[in-house]
Amino acid sequence: MKHKIIVTGGCGYIGSHTVIALMENDFEVIILDDLSNSNEQILDRITKITGRKPEFVKVDLKDLDHVHNVFGHFRDADAVIHFAAHKAVSESVQEPLKYYQNNLYSLINTLISQQENGIHNIIFSSSATVYGNPDTLPITEKNKTQRPFSPYGNTKKIAEEILEDVVLVSPDFSAISLRYFNPIGAHESGQIGEFPNGIPNNLMPYITQTAAGVREKLMVFGNDYPTKDGTPIRDYIHVVDLAEAHVLALKRLLNKEQESQLEIFNLGTGDGYSVLEVIQSFESVTGSKLNFEITGRRDGDVPKLFASTDLAKEKLGWSANRKLDEMISSSWKWEQNLREELI
Ligand code: NAD
Ligand code: UDP
């Protein structure tokens, strides 16, 4: 019997790549998504890539009655992978309640519905943002967390605290929180990738859209940080590597290999690249010049974030295989395919 996995937010960027990895590992997938930041067409693309169509239910996870009802149909599911959330940092600063409402109600309603239906395992999408501006690098899971700068980031910190409290009183319940560093890249087919709504907040989609002529120029937010070239350093991780980590985390939960009811793992490569290094790599991979300008710092940006990946390697048997060049070339292939389709 195949294991059944409920994937919330499975039509989104990281969710869709993970659905493919799950299906390739013979899991049966049920996607729950309200399509607030994705498109149903993704299901056809997943079908094209995997040869099977995942089950899909359109549901807003803020709506407890609906979520409860949907989970009732899938009470034989073995685990939930919870991706569903709003994720635009700057929007969350402008509209904090929208973010607290969506991201926290979605998690709480999912947990309630899991408990009511005896679905004992969850994997949660967290973020390196919970470390704030770290005192020591590379960041290990033992680094202390700090209140993140944005309400978006704070939803991740609060969500982890909710999970801590829930496992305390639920002996059967197990959770793994995965703290992603900077996911970029796209599936090798060029069929799925990141499709930001409106003007991108993140560096890589802004770069590819600028190179594709959709944006005039990339603004580099500050070159006066205490780093090698003055621009901030991040740990960019290929989304397909990230997807594979979810499969391994899931197997750890299903095989009951955990050492505590709530485990936390960093998911990064351990390598840090500055903004200018990413731009240089983009130019050398694509052979084209990128139009960019140095401007002032963006509020809330920290100089350096990169992960220690030792724990994920030791406990999950996972490490990232794909290098920056591959992340960039796959992002670029996806962007070009997208533009051709839109023309
Ligand atoms: P995404 O926006 O592409 O995917 C999220 C999906 O959740 C979308 O399909 C959206 O329609 C859905 N969704 C949102 N609210 C919902 C609701 N109330 N009910 C049902 N569905 C809902 O985002 P992503 O980049 O794939 O991120 C996935 C997860 O990873 C999120 O929790 C995000 O916060 C987290 N994360 C992302 C990054 C990143 O840089 N992309 C970094 C760290 C953590
Ligand atoms: N960045 C930039 N211009 C942009 C978007 C991002 O210079 O248009 C920089 C940003 O200051 C940060 C890095 O690129 O140093 C990564 O930013 P992103 O928003 O992708 O990730 P995060 O801030 O979450 O680490």
# chains A, B, ... in the order shown; residues from 1 in each chain; ligands from 1
>>> residues_near_ligand(ligand="ligand 1", cutoff="9 Å", atoms="only C-alpha atoms and all ligand atoms", output="PyMOL selection string")
chain A and resi 8-17+32-39+58-63+82-88+101-103+105-106+124-129+152-153+155-156+178-184+193-197+202+239
>>> residues_around(residues="region 312-316 of chain A", least_positions_apart="3", cutoff="7 Å", atoms="only C-alpha atoms", output="list in words")
Leu248, Ala249, Phe265, Asn266, Thr309 and Ser319 of chain A
>>> residues_near_ligand(ligand="ligand 2", cutoff="7 Å", atoms="only C-alpha atoms and all ligand atoms", output="ChimeraX atom specification")
/A:182,201-204,206,218-222,231-234,275,297-298,301
>>> select_by_dssp(residues="region 171-223 of chain A", states="strand (DSSP E or B)", output="list in words")
Ser174, Ala175, Ile176, Ser177, Leu178, Arg179, Tyr180, Asn182, Pro183, Ile184, Leu218, Met219, Val220 and Phe221 of chain A
>>> closest_atom_pairs(of="region 189-211 of chain A", to="region 326-338 of chain A", cutoff="7 Å", atoms="only C-alpha atoms", output="CSV")
residue,atom,partner,partner_atom,distance
A:Gly190,CA,A:Trp334,CA,4.6
A:Gln191,CA,A:Trp334,CA,6.7
A:Ile192,CA,A:Trp334,CA,6.9
A:Gly193,CA,A:Trp334,CA,6.2
A:Thr208,CA,A:Trp332,CA,6.0
>>> residues_around(residues="Lys157 (chain A)", least_positions_apart="6", cutoff="8 Å", atoms="only C-alpha atoms", output="PyMOL selection string")
chain A and resi 126+130+145+147-148
>>> write_last_selection(atoms="N, CA and C atoms", output="short mmCIF file (atom, residue, chain, number, x, y, z; two decimals), in the first residue's frame")
data_model
loop_
_atom_site.label_atom_id
_atom_site.label_comp_id
_atom_site.auth_asym_id
_atom_site.auth_seq_id
_atom_site.Cartn_x
_atom_site.Cartn_y
_atom_site.Cartn_z
N SER A 126 9.68 26.02 7.49
CA SER A 126 10.15 27.18 8.24
C SER A 126 11.22 27.90 7.42
N VAL A 130 14.15 32.87 11.11
CA VAL A 130 13.96 32.75 12.57
C VAL A 130 15.27 32.97 13.33
N THR A 145 17.18 31.57 18.33
CA THR A 145 16.29 32.27 17.40
C THR A 145 16.04 33.67 17.96
N ARG A 147 13.44 37.38 17.36
CA ARG A 147 12.21 37.81 16.71
C ARG A 147 12.55 38.31 15.31
N PRO A 148 12.00 37.68 14.26
CA PRO A 148 12.32 38.15 12.91
C PRO A 148 11.84 39.57 12.68
#
>>> closest_residue(among="A:Asp44, A:Leu22, A:Gln146, A:Ile108", to="Asn133 (chain A)", atoms="only C-alpha atoms")
A:Gln146
>>> atom_distance(atom1="CA of Ser260 (chain A)", atom2="CA of Ser174 (chain A)")
8.1 Å
>>> closest_residue(among="A:Val278, A:Ile264, A:Val19, A:Val169", to="Asp229 (chain A)", atoms="only C-alpha atoms")
A:Val278
